[in-house]
file coords.pdb (PDB, C-alpha atoms and all ligand atoms)
ATOM      1  CA  MET A   1       0.000   0.000   0.000  1.00  0.00           C
ATOM      2  CA  ARG A   2       1.325   3.405  -0.998  1.00  0.00           C
ATOM      3  CA  PRO A   3       1.748   6.067   1.630  1.00  0.00           C
ATOM      4  CA  GLN A   4      -0.695   8.935   1.478  1.00  0.00           C
ATOM      5  CA  SER A   5       0.496  11.854  -0.596  1.00  0.00           C
ATOM      6  CA  VAL A   6       1.569  14.881   1.373  1.00  0.00           C
ATOM      7  CA  GLN A   7      -0.901  17.703   1.142  1.00  0.00           C
ATOM      8  CA  HIS A   8       0.341  20.856  -0.521  1.00  0.00           C
ATOM      9  CA  LYS A   9      -2.627  23.057   0.167  1.00  0.00           C
ATOM     10  CA  PRO A  10      -1.751  26.639   0.984  1.00  0.00           C
ATOM     11  CA  THR A  11      -2.456  27.855   4.480  1.00  0.00           C
ATOM     12  CA  PRO A  12      -4.113  31.217   3.992  1.00  0.00           C
ATOM     13  CA  ALA A  13      -4.442  31.975   7.691  1.00  0.00           C
ATOM     14  CA  VAL A  14      -0.680  31.988   8.209  1.00  0.00           C
ATOM     15  CA  GLY A  15      -0.209  34.016   5.019  1.00  0.00           C
ATOM     16  CA  ARG A  16      -2.524  36.722   6.294  1.00  0.00           C
ATOM     17  CA  TRP A  17      -0.738  36.785   9.631  1.00  0.00           C
ATOM     18  CA  VAL A  18       2.619  37.284   7.926  1.00  0.00           C
ATOM     19  CA  ASP A  19       1.214  40.102   5.803  1.00  0.00           C
ATOM     20  CA  GLY A  20      -0.121  41.768   8.897  1.00  0.00           C
ATOM     21  CA  LEU A  21       3.240  41.460  10.593  1.00  0.00           C
ATOM     22  CA  ARG A  22       4.958  43.021   7.586  1.00  0.00           C
ATOM     23  CA  GLN A  23       2.592  45.984   7.739  1.00  0.00           C
ATOM     24  CA  MET A  24       3.280  46.431  11.432  1.00  0.00           C
ATOM     25  CA  LEU A  25       7.022  46.467  10.846  1.00  0.00           C
ATOM     26  CA  ALA A  26       6.711  48.898   7.958  1.00  0.00           C
ATOM     27  CA  ALA A  27       4.551  51.397   9.832  1.00  0.00           C
ATOM     28  CA  PRO A  28       5.150  51.636  13.559  1.00  0.00           C
ATOM     29  CA  PRO A  29       2.819  53.915  15.528  1.00  0.00           C
ATOM     30  CA  ARG A  30       4.438  57.282  15.040  1.00  0.00           C
ATOM     31  CA  SER A  31       3.009  59.126  17.985  1.00  0.00           C
ATOM     32  CA  ALA A  32       4.330  56.560  20.439  1.00  0.00           C
ATOM     33  CA  THR A  33       7.856  56.285  19.095  1.00  0.00           C
ATOM     34  CA  GLY A  34       8.618  59.893  18.192  1.00  0.00           C
ATOM     35  CA  ALA A  35       9.382  58.644  14.692  1.00  0.00           C
ATOM     36  CA  ALA A  36       7.308  61.267  12.923  1.00  0.00           C
ATOM     37  CA  PRO A  37       9.449  63.204  10.449  1.00  0.00           C
ATOM     38  CA  ALA A  38       8.528  66.628  11.795  1.00  0.00           C
ATOM     39  CA  LEU A  39       7.409  68.526  14.868  1.00  0.00           C
ATOM     40  CA  ARG A  40       4.875  71.342  15.050  1.00  0.00           C
ATOM     41  CA  LEU A  41       5.686  73.977  17.673  1.00  0.00           C
ATOM     42  CA  ARG A  42       3.194  76.485  19.021  1.00  0.00           C
ATOM     43  CA  VAL A  43       4.778  79.529  20.641  1.00  0.00           C
ATOM     44  CA  GLN A  44       3.244  82.703  22.069  1.00  0.00           C
ATOM     45  CA  CYS A  45       5.171  85.947  21.684  1.00  0.00           C
ATOM     46  CA  GLY A  46       6.044  87.319  25.107  1.00  0.00           C
ATOM     47  CA  GLN A  47       5.614  90.916  23.976  1.00  0.00           C
ATOM     48  CA  CYS A  48       2.400  91.088  21.967  1.00  0.00           C
ATOM     49  CA  GLY A  49       0.855  87.680  22.619  1.00  0.00           C
ATOM     50  CA  GLU A  50       0.796  86.621  18.976  1.00  0.00           C
ATOM     51  CA  LEU A  51       0.605  82.889  18.379  1.00  0.00           C
ATOM     52  CA  ILE A  52       3.511  81.690  16.243  1.00  0.00           C
ATOM     53  CA  SER A  53       3.572  78.229  14.701  1.00  0.00           C
ATOM     54  CA  ALA A  54       6.722  76.612  13.364  1.00  0.00           C
ATOM     55  CA  ARG A  55       7.388  73.289  11.693  1.00  0.00           C
ATOM     56  CA  ILE A  56      10.630  71.528  12.598  1.00  0.00           C
ATOM     57  CA  ASP A  57      12.155  68.998  10.234  1.00  0.00           C
ATOM     58  CA  LYS A  58      13.687  66.368  12.488  1.00  0.00           C
ATOM     59  CA  ALA A  59      16.036  65.114   9.777  1.00  0.00           C
ATOM     60  CA  ASN A  60      17.619  68.512   9.083  1.00  0.00           C
ATOM     61  CA  ASP A  61      17.005  70.901  11.966  1.00  0.00           C
ATOM     62  CA  LEU A  62      18.288  68.879  14.922  1.00  0.00           C
ATOM     63  CA  LEU A  63      21.871  68.935  16.154  1.00  0.00           C
ATOM     64  CA  CYS A  64      23.398  65.731  17.467  1.00  0.00           C
ATOM     65  CA  GLU A  65      24.605  65.637  21.061  1.00  0.00           C
ATOM     66  CA  TYR A  66      27.512  63.350  21.844  1.00  0.00           C
ATOM     67  CA  PRO A  67      28.783  62.238  25.220  1.00  0.00           C
ATOM     68  CA  ASP A  68      31.834  64.218  26.368  1.00  0.00           C
ATOM     69  CA  SER A  69      33.842  61.082  27.035  1.00  0.00           C
ATOM     70  CA  ALA A  70      33.493  59.545  23.569  1.00  0.00           C
ATOM     71  CA  ARG A  71      36.451  61.155  21.824  1.00  0.00           C
ATOM     72  CA  ASP A  72      38.637  58.092  21.484  1.00  0.00           C
ATOM     73  CA  ASP A  73      38.592  55.084  19.227  1.00  0.00           C
ATOM     74  CA  GLU A  74      34.925  54.212  18.876  1.00  0.00           C
ATOM     75  CA  ALA A  75      32.471  56.189  16.802  1.00  0.00           C
ATOM     76  CA  PRO A  76      30.225  57.832  19.369  1.00  0.00           C
ATOM     77  CA  HIS A  77      26.502  57.242  19.460  1.00  0.00           C
ATOM     78  CA  PRO A  78      24.473  60.420  19.863  1.00  0.00           C
ATOM     79  CA  THR A  79      22.944  60.673  23.326  1.00  0.00           C
ATOM     80  CA  GLY A  80      20.277  63.034  22.092  1.00  0.00           C
ATOM     81  CA  TYR A  81      19.466  65.951  19.839  1.00  0.00           C
ATOM     82  CA  THR A  82      19.014  69.673  20.294  1.00  0.00           C
ATOM     83  CA  LEU A  83      17.039  72.198  18.322  1.00  0.00           C
ATOM     84  CA  HIS A  84      17.863  75.917  18.393  1.00  0.00           C
ATOM     85  CA  LYS A  85      15.192  78.099  16.859  1.00  0.00           C
ATOM     86  CA  GLU A  86      14.617  81.839  16.687  1.00  0.00           C
ATOM     87  CA  LEU A  87      11.081  82.914  15.965  1.00  0.00           C
ATOM     88  CA  VAL A  88       9.633  86.318  15.117  1.00  0.00           C
ATOM     89  CA  GLY A  89       5.929  86.993  14.735  1.00  0.00           C
ATOM     90  CA  ARG A  90       4.290  89.383  12.319  1.00  0.00           C
ATOM     91  CA  GLN A  91       2.955  91.859  14.858  1.00  0.00           C
ATOM     92  CA  CYS A  92       6.214  92.943  16.500  1.00  0.00           C
ATOM     93  CA  GLN A  93       9.970  92.539  16.308  1.00  0.00           C
ATOM     94  CA  ASN A  94      10.338  90.560  19.526  1.00  0.00           C
ATOM     95  CA  LEU A  95      12.716  87.653  19.011  1.00  0.00           C
ATOM     96  CA  VAL A  96      11.808  84.364  20.712  1.00  0.00           C
ATOM     97  CA  HIS A  97      14.779  82.099  21.439  1.00  0.00           C
ATOM     98  CA  LEU A  98      13.726  78.475  21.748  1.00  0.00           C
ATOM     99  CA  THR A  99      15.828  75.429  22.560  1.00  0.00           C
ATOM    100  CA  VAL A 100      14.224  71.987  22.538  1.00  0.00           C
ATOM    101  CA  HIS A 101      16.026  68.879  23.758  1.00  0.00           C
ATOM    102  CA  PHE A 102      15.288  65.473  22.254  1.00  0.00           C
ATOM    103  CA  SER A 103      16.027  61.957  23.372  1.00  0.00           C
ATOM    104  CA  ASP A 104      18.212  59.675  21.253  1.00  0.00           C
ATOM    105  CA  HIS A 105      14.956  58.497  19.646  1.00  0.00           C
ATOM    106  CA  ARG A 106      14.214  62.089  18.555  1.00  0.00           C
ATOM    107  CA  ARG A 107      11.399  62.496  20.986  1.00  0.00           C
ATOM    108  CA  ALA A 108      11.056  65.975  22.497  1.00  0.00           C
ATOM    109  CA  THR A 109      11.769  65.858  26.220  1.00  0.00           C
ATOM    110  CA  ARG A 110      12.276  69.389  27.577  1.00  0.00           C
ATOM    111  CA  HIS A 111      12.802  72.950  26.414  1.00  0.00           C
ATOM    112  CA  GLU A 112      14.125  76.383  27.304  1.00  0.00           C
ATOM    113  CA  ILE A 113      12.600  79.556  25.919  1.00  0.00           C
ATOM    114  CA  GLU A 114      13.267  83.295  26.136  1.00  0.00           C
ATOM    115  CA  GLY A 115      10.992  86.053  24.884  1.00  0.00           C
ATOM    116  CA  GLY A 116       7.868  83.945  24.772  1.00  0.00           C
ATOM    117  CA  VAL A 117       5.992  80.895  25.961  1.00  0.00           C
ATOM    118  CA  LEU A 118       5.964  77.454  24.409  1.00  0.00           C
ATOM    119  CA  LEU A 119       2.317  76.396  24.354  1.00  0.00           C
ATOM    120  CA  GLY A 120       2.870  72.919  22.970  1.00  0.00           C
ATOM    121  CA  TRP A 121       4.437  70.648  20.424  1.00  0.00           C
ATOM    122  CA  GLU A 122       3.140  67.694  18.472  1.00  0.00           C
ATOM    123  CA  ASP A 123       4.414  65.259  15.903  1.00  0.00           C
ATOM    124  CA  CYS A 124       3.396  65.991  12.346  1.00  0.00           C
ATOM    125  CA  GLN A 125       4.220  64.986   8.790  1.00  0.00           C
TER
HETATM  126 ZN    ZN A 201       5.178  89.807  19.198  1.00  0.00          ZN
END

call {"tool": "encode", "arguments": {"input": "coords.pdb", "output": "C-alpha cells", "more": "lines below"}}
Ligand SMILES: [Zn+2]
result
Amino acid sequence: MRPQSVQHKPTPAVGRWVDGLRQMLAAPPRSATGAAPALRLRVQCGQCGELISARIDKANDLLCEYPDSARDDEAPHPTGYTLHKELVGRQCQNLVHLTVHFSDHRRATRHEIEGGVLLGWEDCQ
C-alpha cells in the first residue's frame, strides 16, 4: 500500500498573519515612538501675545549631542538631539529664542525659551 500523498494546500491563515506582521514592521505607531518626520511647535510671543507656529524637520534641523567622554577610538553614538530656533511673529519685532532637547529616539523631552511661551508641540508629517 502506498503512503498517502503529502498535502500541498496553501495555508491562507498563516499568510494573512505574515502580511499583517509586515505591515506592522513597515509602519510603527508614530506618535508613540517619536518617529514622525517633523514637529509642530506652538509659541506665544512674550511681547504682543501673537501665536507663532513653526514646523521643525527632524532630519535637518536637529543637532546631534555626543557624550563628552566619547572622543577616542569608537564612533560615538548620539545621546540626544538639540534644536535651536529663533522665531519672530508678524505683529512685532520681539525675538523668541527656543531650545528643545530630544532623546536619542528624537522624541522631544524638555525645552528652554526666552521672549515667549511654548504652548505645545506635536508630531506631524
Ligand atoms: Zn510679538

call {"tool": "residues_around", "arguments": {"input": "coords.pdb", "residues": "Trp121 (chain A)", "least_positions_apart": "6", "cutoff": "9 Å", "atoms": "only C-alpha atoms", "output": "number ranges by chain"}}
result
A: 39-43, 108

call {"tool": "atom_distance", "arguments": {"input": "coords.pdb", "atom1": "CA of His111 (chain A)", "atom2": "CA of Val88 (chain A)"}}
result
17.8 Å

call {"tool": "residues_near_ligand", "arguments": {"input": "coords.pdb", "ligand": "ligand ZN 201 (chain A)", "cutoff": "9 Å", "atoms": "all atoms listed in the file", "output": "PyMOL selection string"}}
result
chain A and resi 44-52+88-96+115-116

call {"tool": "closest_residue", "arguments": {"input": "coords.pdb", "among": "A:His101, A:Thr109, A:Ser53, A:Leu63", "to": "Glu86 (chain A)", "atoms": "all atoms listed in the file"}}
result
A:Ser53

call {"tool": "atom_distance", "arguments": {"input": "coords.pdb", "atom1": "CA of Asp68 (chain A)", "atom2": "CA of His97 (chain A)"}}
result
25.2 Å

call {"tool": "residues_around", "arguments": {"input": "coords.pdb", "residues": "region 81-84 of chain A", "least_positions_apart": "2", "cutoff": "12 Å", "atoms": "only C-alpha atoms", "output": "JSON, numbers by chain"}}
result
{"A": [39, 41, 55, 56, 57, 58, 59, 60, 61, 62, 63, 64, 65, 66, 67, 77, 78, 79, 86, 87, 96, 97, 98, 99, 100, 101, 102, 103, 104, 105, 106, 107, 108, 109, 110, 111, 112, 113, 114]}

call {"tool": "resolve_selection", "arguments": {"input": "coords.pdb", "expression": "the PyMOL selection byres (((chain A and resi 124) around 8) and not hetatm)", "output": "PyMOL selection string"}}
result
chain A and resi 36-40+122-123+125
